[in-house]
$ cat entry.txt   # compact mmCIF, C-alpha atoms
# COMPACT_ATOMS: atom_id res chain seq x y z
CA MET X 30 53.85 -132.69 31.69
CA ARG X 31 52.51 -134.46 34.76
CA PRO X 32 50.85 -132.16 37.33
CA GLU X 33 53.42 -132.81 40.09
CA SER X 34 56.27 -131.92 37.75
CA LEU X 35 54.56 -128.74 36.61
CA GLU X 36 54.07 -127.65 40.22
CA PHE X 37 57.78 -128.20 40.88
CA LEU X 38 58.68 -126.14 37.82
CA LYS X 39 56.41 -123.30 38.94
CA GLU X 40 57.81 -123.36 42.45
CA ILE X 41 61.47 -123.31 41.50
CA VAL X 42 61.14 -120.53 38.90
CA ASN X 43 59.04 -118.39 41.24
CA VAL X 44 61.35 -118.62 44.26
CA PRO X 45 64.02 -115.86 44.39
CA SER X 46 67.59 -117.05 43.78
CA PRO X 47 69.98 -114.40 42.40
CA SER X 48 73.58 -115.61 42.09
CA GLY X 49 75.11 -116.09 45.53
CA TYR X 50 71.65 -116.25 47.16
CA GLU X 51 70.35 -119.60 45.92
CA GLU X 52 69.32 -121.05 49.29
CA ARG X 53 65.55 -120.83 48.67
CA ALA X 54 65.81 -122.60 45.31
CA ALA X 55 68.05 -125.23 46.91
CA GLU X 56 65.34 -125.98 49.47
CA VAL X 57 62.79 -126.50 46.69
CA TYR X 58 65.19 -128.72 44.74
CA ARG X 59 66.06 -130.90 47.75
CA ALA X 60 62.40 -131.36 48.69
CA TYR X 61 61.46 -132.55 45.21
CA THR X 62 64.44 -134.79 44.43
CA GLY X 63 64.36 -136.28 47.93
CA GLN X 64 61.34 -138.29 46.83
CA PHE X 65 63.37 -140.46 44.43
CA ALA X 66 67.14 -139.85 44.82
CA ASP X 67 69.30 -142.44 46.60
CA LYS X 68 71.33 -139.66 48.19
CA ILE X 69 71.36 -135.87 48.34
CA THR X 70 74.35 -133.69 49.16
CA THR X 71 74.89 -129.94 49.46
CA ASP X 72 78.44 -128.64 49.28
CA TYR X 73 79.95 -125.56 50.93
CA HIS X 74 79.46 -123.57 47.74
CA GLY X 75 75.74 -124.32 47.69
CA ASN X 76 75.55 -126.84 44.83
CA VAL X 77 72.92 -129.52 45.48
CA ALA X 78 73.46 -133.01 44.02
CA ALA X 79 70.67 -135.60 43.86
CA ILE X 80 72.29 -138.95 43.18
CA LEU X 81 71.38 -142.39 41.86
CA ASN X 82 73.88 -145.25 42.42
CA PRO X 83 76.30 -143.14 44.50
CA ASP X 84 78.83 -145.97 44.83
CA ALA X 85 79.26 -146.56 41.09
CA GLU X 86 82.69 -145.88 39.58
CA MET X 87 81.36 -144.58 36.25
CA LYS X 88 79.78 -141.20 37.01
CA ILE X 89 77.67 -138.82 34.95
CA MET X 90 77.14 -135.25 36.13
CA LEU X 91 73.96 -133.50 35.01
CA ALA X 92 74.11 -129.75 35.58
CA GLY X 93 71.40 -127.10 35.49
CA HIS X 94 72.09 -123.85 37.32
CA MET X 95 69.54 -122.59 39.82
CA ASP X 96 70.71 -118.99 40.06
CA GLU X 97 69.02 -116.16 38.21
CA ILE X 98 69.89 -112.58 37.41
CA GLY X 99 68.78 -109.94 39.88
CA PHE X 100 70.03 -106.92 41.79
CA ILE X 101 71.87 -106.26 45.04
CA ILE X 102 71.56 -103.21 47.29
CA HIS X 103 74.72 -101.18 47.84
CA TYR X 104 73.52 -97.79 49.14
CA ILE X 105 70.55 -96.22 50.93
CA ASN X 106 70.32 -92.42 50.89
CA GLU X 107 68.97 -90.18 53.64
CA ASP X 108 65.61 -89.81 51.85
CA GLY X 109 65.06 -93.58 51.85
CA LEU X 110 65.85 -94.24 48.20
CA ILE X 111 67.75 -97.46 47.52
CA TYR X 112 70.59 -97.78 45.00
CA PHE X 113 71.54 -101.13 43.53
CA SER X 114 73.93 -103.05 41.26
CA GLY X 115 73.11 -105.73 38.75
CA ILE X 116 73.74 -109.43 39.41
CA GLY X 117 74.37 -111.06 36.05
CA GLY X 118 73.80 -109.49 32.65
CA HIS X 119 71.10 -106.84 32.33
CA ASP X 120 69.77 -104.69 29.52
CA SER X 121 69.52 -101.44 31.44
CA VAL X 122 66.42 -100.26 29.57
CA ILE X 123 64.34 -103.04 31.16
CA PRO X 124 64.41 -102.14 34.90
CA VAL X 125 62.89 -98.67 34.44
CA GLY X 126 59.37 -98.55 35.85
CA GLN X 127 59.36 -102.18 37.00
CA ARG X 128 57.85 -103.41 40.24
CA VAL X 129 60.30 -105.42 42.34
CA TRP X 130 60.58 -107.41 45.53
CA VAL X 131 63.36 -106.51 47.96
CA HIS X 132 64.25 -109.62 49.93
CA GLY X 133 65.13 -108.16 53.33
CA LYS X 134 63.93 -109.15 56.79
CA GLU X 135 60.66 -109.65 54.95
CA ARG X 136 59.67 -109.39 51.30
CA VAL X 137 59.23 -105.67 50.62
CA PRO X 138 57.53 -104.31 47.46
CA GLY X 139 59.15 -101.46 45.60
CA VAL X 140 59.37 -99.74 42.23
CA ILE X 141 62.41 -98.82 40.13
CA GLY X 142 62.47 -95.11 39.38
CA ARG X 143 64.29 -92.53 37.29
CA LYS X 144 63.53 -89.00 36.16
CA ALA X 145 60.25 -88.75 34.24
CA ILE X 146 60.60 -88.31 30.49
CA HIS X 147 59.20 -84.77 30.78
CA LEU X 148 62.17 -83.76 32.94
CA LEU X 149 64.92 -85.27 30.77
CA GLN X 150 67.14 -82.99 28.74
CA ASP X 151 67.28 -83.63 24.99
CA GLU X 152 70.69 -85.32 25.25
CA GLU X 153 69.47 -87.52 28.13
CA ARG X 154 66.53 -88.74 26.05
CA LYS X 155 68.91 -89.99 23.35
CA LYS X 156 70.94 -92.08 25.79
CA LYS X 157 70.21 -95.50 27.15
CA PRO X 158 69.60 -95.32 30.93
CA GLU X 159 72.30 -96.82 33.14
CA ILE X 160 71.61 -98.87 36.24
CA LYS X 161 73.73 -96.48 38.31
CA ASP X 162 71.19 -93.73 37.54
CA LEU X 163 68.20 -95.75 38.79
CA TRP X 164 66.90 -96.32 42.31
CA ILE X 165 64.33 -98.39 44.18
CA ASP X 166 61.52 -96.59 45.99
CA ILE X 167 59.64 -98.57 48.65
CA GLY X 168 57.63 -95.55 49.78
CA ALA X 169 59.88 -94.85 52.76
CA THR X 170 60.68 -91.26 53.78
CA SER X 171 64.02 -91.83 55.50
CA LYS X 172 67.06 -94.08 55.62
CA ALA X 173 66.12 -95.17 59.13
CA GLU X 174 62.72 -96.36 57.92
CA VAL X 175 64.32 -98.45 55.17
CA GLU X 176 66.88 -99.96 57.54
CA GLU X 177 64.14 -101.36 59.74
CA LEU X 178 63.47 -103.88 56.94
CA ILE X 179 66.39 -103.81 54.52
CA GLN X 180 70.16 -103.86 54.79
CA LEU X 181 73.10 -103.58 52.43
CA GLY X 182 73.63 -106.78 50.49
CA ASP X 183 69.95 -107.73 50.33
CA VAL X 184 68.87 -108.84 46.87
CA VAL X 185 66.06 -107.79 44.57
CA THR X 186 63.98 -109.60 41.94
CA TYR X 187 61.23 -108.53 39.57
CA GLN X 188 57.60 -109.08 40.60
CA TYR X 189 56.98 -111.61 37.82
CA GLU X 190 56.01 -115.25 38.24
CA PHE X 191 55.14 -118.29 36.13
CA GLN X 192 52.19 -117.84 33.77
CA MET X 193 50.77 -120.07 31.04
CA LEU X 194 50.27 -118.53 27.61
CA ARG X 195 48.65 -120.13 24.56
CA GLY X 196 49.11 -123.84 23.98
CA ASP X 197 52.15 -125.29 25.72
CA ARG X 198 54.01 -121.99 26.01
CA ALA X 199 54.74 -120.31 29.30
CA THR X 200 56.47 -117.21 30.60
CA ALA X 201 58.37 -116.59 33.82
CA ARG X 202 61.17 -114.67 35.45
CA GLY X 203 64.02 -117.12 35.93
CA PHE X 204 63.49 -119.82 33.31
CA ASP X 205 67.19 -119.05 32.75
CA ASN X 206 68.09 -121.42 34.12
CA LYS X 207 65.96 -122.83 36.89
CA MET X 208 64.31 -124.61 34.00
CA GLY X 209 67.65 -126.45 33.78
CA SER X 210 67.52 -127.46 37.44
CA PHE X 211 64.02 -128.78 36.73
CA ILE X 212 65.29 -130.79 33.74
CA VAL X 213 68.14 -132.53 35.58
CA ALA X 214 65.76 -133.37 38.45
CA GLU X 215 63.18 -134.76 36.01
CA ALA X 216 65.81 -136.80 34.17
CA LEU X 217 66.81 -138.36 37.49
CA ARG X 218 63.16 -139.09 38.30
CA LEU X 219 62.65 -140.78 34.92
CA LEU X 220 65.72 -142.94 35.47
CA LYS X 221 64.50 -143.97 38.92
CA GLU X 222 60.85 -144.58 38.05
CA ASP X 223 61.14 -145.95 34.50
CA GLY X 224 64.43 -147.80 34.98
CA GLY X 225 67.09 -148.58 32.41
CA LEU X 226 70.10 -147.11 34.20
CA ASP X 227 73.02 -149.53 34.47
CA PRO X 228 73.68 -150.25 38.17
CA GLY X 229 77.35 -149.64 37.50
CA VAL X 230 76.67 -146.05 36.48
CA GLY X 231 76.05 -143.25 38.98
CA VAL X 232 74.09 -140.15 38.00
CA TYR X 233 74.61 -136.85 39.84
CA ALA X 234 71.84 -134.36 39.05
CA VAL X 235 73.38 -131.09 40.23
CA ALA X 236 71.54 -127.82 40.70
CA THR X 237 74.57 -125.55 40.39
CA VAL X 238 75.12 -122.06 41.78
CA GLN X 239 76.58 -118.80 40.49
CA GLU X 240 76.54 -119.61 36.77
CA GLU X 241 75.44 -116.09 35.87
CA ILE X 242 78.61 -114.62 37.39
CA GLY X 243 81.16 -117.01 35.93
CA LEU X 244 80.17 -120.72 35.95
CA ARG X 245 81.46 -120.87 39.51
CA GLY X 246 79.30 -123.66 40.94
CA ALA X 247 79.85 -126.00 38.01
CA ARG X 248 83.59 -125.58 38.39
CA THR X 249 83.66 -126.64 42.04
CA ALA X 250 81.03 -129.39 41.65
CA SER X 251 82.90 -130.92 38.71
CA PHE X 252 86.14 -131.00 40.66
CA SER X 253 84.47 -132.62 43.67
CA ILE X 254 82.41 -135.25 41.82
CA ASN X 255 85.13 -136.00 39.23
CA PRO X 256 82.81 -137.67 36.69
CA GLN X 257 83.88 -139.21 33.42
CA SER X 258 80.96 -137.65 31.53
CA GLY X 259 78.54 -134.82 32.02
CA LEU X 260 75.60 -133.07 30.44
CA ALA X 261 74.93 -129.39 31.01
CA VAL X 262 71.55 -127.91 30.16
CA ASP X 263 70.74 -124.24 29.70
CA VAL X 264 68.46 -122.00 27.69
CA ASN X 265 69.29 -121.09 24.09
CA HIS X 266 68.37 -117.99 22.15
CA ALA X 267 65.35 -118.80 20.01
CA ILE X 268 65.99 -117.65 16.44
CA ASP X 269 62.33 -117.48 15.42
CA TYR X 270 61.25 -113.89 15.88
CA PRO X 271 61.78 -110.65 13.92
CA GLY X 272 65.19 -109.03 13.62
CA VAL X 273 67.32 -112.10 14.39
CA SER X 274 69.44 -113.36 11.49
CA LYS X 275 69.47 -117.09 10.71
CA THR X 276 72.54 -116.62 8.51
CA HIS X 277 74.35 -115.19 11.53
CA HIS X 278 73.01 -117.40 14.33
CA GLY X 279 71.62 -120.53 12.64
CA THR X 280 68.12 -121.91 13.23
CA LEU X 281 66.56 -122.69 16.60
CA ASP X 282 62.81 -122.63 17.05
CA ILE X 283 60.53 -122.85 20.04
CA GLY X 284 58.45 -126.03 19.94
CA LYS X 285 60.72 -128.10 17.69
CA GLY X 286 62.52 -129.98 20.45
CA PRO X 287 65.51 -129.42 22.72
CA SER X 288 68.87 -128.54 21.23
CA VAL X 289 72.01 -130.66 21.18
CA MET X 290 75.20 -128.61 20.90
CA ARG X 291 77.86 -129.64 18.41
CA GLY X 292 81.30 -128.05 18.44
CA ALA X 293 84.50 -127.81 20.44
CA ASN X 294 82.71 -127.64 23.80
CA SER X 295 81.04 -131.01 23.15
CA ASN X 296 82.69 -134.41 23.19
CA PRO X 297 82.01 -136.06 19.79
CA ILE X 298 81.21 -139.45 21.33
CA VAL X 299 78.71 -137.86 23.70
CA PHE X 300 77.12 -135.92 20.83
CA LYS X 301 76.83 -139.14 18.82
CA MET X 302 75.25 -141.00 21.74
CA ILE X 303 72.73 -138.22 22.43
CA SER X 304 71.79 -137.99 18.75
CA GLU X 305 71.31 -141.74 18.50
CA ALA X 306 69.24 -141.75 21.70
CA GLY X 307 66.94 -139.07 20.28
CA LYS X 308 66.42 -140.94 17.01
CA GLU X 309 65.96 -144.36 18.63
CA ASP X 310 63.55 -143.10 21.30
CA GLY X 311 61.60 -140.78 19.02
CA ILE X 312 62.58 -137.58 20.85
CA PRO X 313 62.77 -134.54 18.54
CA TYR X 314 65.87 -132.37 18.79
CA GLN X 315 67.63 -129.54 16.99
CA VAL X 316 71.39 -129.18 16.44
CA ASP X 317 72.95 -126.07 17.95
CA VAL X 318 76.42 -125.14 16.69
CA ALA X 319 79.10 -123.46 18.82
CA PRO X 320 82.65 -123.09 17.42
CA ALA X 321 84.45 -122.76 20.78
CA GLY X 322 83.63 -122.60 24.46
CA THR X 323 80.13 -121.64 25.54
CA GLY X 324 78.74 -119.49 28.32
CA THR X 325 77.21 -122.56 29.95
CA ASP X 326 78.17 -124.81 32.85
CA GLY X 327 79.39 -127.22 30.18
CA ASN X 328 82.41 -125.01 29.56
CA ALA X 329 83.60 -125.30 33.15
CA MET X 330 82.77 -129.01 33.26
CA GLN X 331 84.73 -129.89 30.13
CA ILE X 332 88.03 -128.53 31.45
CA SER X 333 87.75 -129.76 35.04
CA ARG X 334 90.73 -131.78 36.28
CA GLY X 335 91.97 -133.96 33.41
CA GLY X 336 88.90 -133.25 31.28
CA MET X 337 85.30 -134.47 31.14
CA ALA X 338 83.35 -135.89 28.19
CA VAL X 339 80.64 -133.23 27.99
CA GLY X 340 77.42 -132.75 26.07
CA ILE X 341 75.32 -129.59 26.16
CA LEU X 342 71.54 -129.63 25.84
CA GLY X 343 69.32 -126.59 25.58
CA VAL X 344 65.79 -125.28 25.31
CA ALA X 345 64.93 -122.45 22.93
CA LEU X 346 63.94 -119.31 24.84
CA ARG X 347 62.63 -115.94 23.73
CA TYR X 348 63.42 -112.68 25.57
CA MET X 349 66.37 -113.98 27.61
CA HIS X 350 67.38 -111.99 30.71
CA THR X 351 64.06 -110.20 30.88
CA PRO X 352 61.20 -110.67 33.36
CA CYS X 353 59.10 -112.35 30.63
CA GLU X 354 61.23 -115.18 29.28
CA MET X 355 59.15 -117.58 27.14
CA LEU X 356 59.52 -121.23 26.15
CA SER X 357 57.65 -124.43 25.25
CA LEU X 358 56.88 -126.81 28.11
CA THR X 359 56.97 -129.68 25.61
CA ASP X 360 60.58 -128.78 24.76
CA VAL X 361 61.39 -128.79 28.48
CA ALA X 362 59.82 -132.22 29.03
CA ASP X 363 61.53 -133.66 25.93
CA CYS X 364 64.88 -132.32 27.10
CA ALA X 365 64.54 -134.29 30.34
CA ARG X 366 63.61 -137.39 28.33
CA LEU X 367 66.63 -136.95 26.07
CA MET X 368 68.94 -136.49 29.04
CA ALA X 369 67.64 -139.68 30.67
CA ALA X 370 67.94 -141.56 27.36
CA TYR X 371 71.64 -140.65 27.16
CA CYS X 372 72.28 -141.81 30.72
CA ARG X 373 70.69 -145.20 29.96
CA ARG X 374 73.16 -145.73 27.12
CA VAL X 375 76.26 -145.12 29.25
CA LYS X 376 77.84 -148.31 30.58
CA PRO X 377 80.71 -148.85 33.05
CA ASP X 378 83.07 -149.52 30.15
CA THR X 379 81.92 -146.73 27.80
CA ASP X 380 84.93 -145.17 26.06
CA PHE X 381 84.52 -141.43 25.55
CA THR X 382 87.89 -140.98 23.80
CA PRO X 383 87.39 -138.98 20.59
CA ARG X 384 88.07 -141.15 17.53
CA VAL X 385 87.14 -141.62 13.88
CA PHE X 386 84.42 -144.18 13.07
CA ARG X 387 84.83 -146.00 9.76
$ encode --input "entry.txt" --output "structure tokens"
Amino acid sequence: MRPESLEFLKEIVNVPSPSGYEERAAEVYRAYTGQFADKITTDYHGNVAAILNPDAEMKIMLAGHMDEIGFIIHYINEDGLIYFSGIGGHDSVIPVGQRVWVHGKERVPGVIGRKAIHLLQDEERKKKPEIKDLWIDIGATSKAEVEELIQLGDVVTYQYEFQMLRGDRATARGFDNKMGSFIVAEALRLLKEDGGLDPGVGVYAVATVQEEIGLRGARTASFSINPQSGLAVDVNHAIDYPGVSKTHHGTLDIGKGPSVMRGANSNPIVFKMISEAGKEDGIPYQVDVAPAGTGTDGNAMQISRGGMAVGILGVALRYMHTPCEMLSLTDVADCARLMAAYCRRVKPDTDFTPRVFR
């Protein structure tokens, strides 16, 4: 991965952007894509689209959501302890004992507390902690002290940032799915700098909002852009560590290439074109199978207006929805290459109607 691209990836995964509060990530995305996009737009929902060939009638929407899971403050007690709700899906055992940032008038450090194990009753020890029983402690001694810096509705993220591990593997809070925003931006850059995109085809690389709470940004962006085809990209569950059944979930390994989803949520012509692009351009990929709709932006995109010819790409990820998500940077780079390769094969007269090939 080229150094400038890696710096962009680090910046966008490190910046806080819980669902509904994506403005900081949007600034990072606009600054990077502004170097090569023909046009950039931001809609009222917060979706940011970096566009090549904005006047073309054939349009492809590339979607990677830039929101992450996090927390939101809903109550401050008289002793200065802060109570919060989850944004997106959380395993409630993970927050206990974590250091966090509260994004108020300034960035405020805090810790997530609960009763010490020594003070728990036997029945309490057997139960999984619930978020409603946890609090954030910033060291304040009163509600008034907290309210000098923090107000209701401020959001919270873990104090974890991008870090390289062995080889090409990295860990971060927020790879799900700011990695996807990175990929659609990189695909656009490759199309601009390396060429090959038909001038009659417009590409809209959209960093979408509020995916973690219901695919909301992809729904509004799809309606507004009204493209004929689209590719969504998100993280996939890696099936390469202990306790995960291949007979139940299939096979998906870190480091063996991006995934291409096959199933009802994927247009068969788009799947065929992506697969052929990977083989012809020497880009490794894995097939991911989904029998129905998925929890990705691709689900909202497919059923927008009169329907969109959708493909869904992914990158295998370990430890999803934790502060230490892990993936292969090579998989990320190859996913951007595969996305660009598909776009180069779309022409103004491409027919995405499902049909049998004989």
$ closest_residue --input "entry.txt" --among "X:Gly75, X:Pro352, X:Pro287, X:Pro47" --to "Thr237 of chain X" --atoms "all atoms listed in the file"
X:Gly75
$ closest_residue --input "entry.txt" --among "X:Gly196, X:Gly231, X:Pro297, X:Gly284" --to "Asp380 of chain X" --atoms "all atoms listed in the file"
X:Pro297
$ residues_around --input "entry.txt" --residues "Arg334 of chain X" --least-positions-apart "4" --cutoff "10 Å" --atoms "all atoms listed in the file" --output "ChimeraX atom specification"
/X:248,251-253,255-256,330
$ atom_distance --input "entry.txt" --atom1 "atom CA of Gly243 of chain X" --atom2 "atom CA of Phe37 of chain X"
26.4 Å
$ atom_distance --input "entry.txt" --atom1 "atom CA of Ala92 of chain X" --atom2 "atom CA of Phe65 of chain X"
17.6 Å
$ closest_residue --input "entry.txt" --among "X:Leu346, X:Leu260, X:Ile69, X:Ile254" --to "Lys285 of chain X" --atoms "only C-alpha atoms"
X:Leu346
$ closest_residue --input "entry.txt" --among "X:Asp166, X:Glu177, X:Glu86, X:Asp378" --to "Ile141 of chain X" --atoms "all atoms listed in the file"
X:Asp166
$ atom_distance --input "entry.txt" --atom1 "atom CA of Ala329 of chain X" --atom2 "atom CA of Arg347 of chain X"
24.8 Å
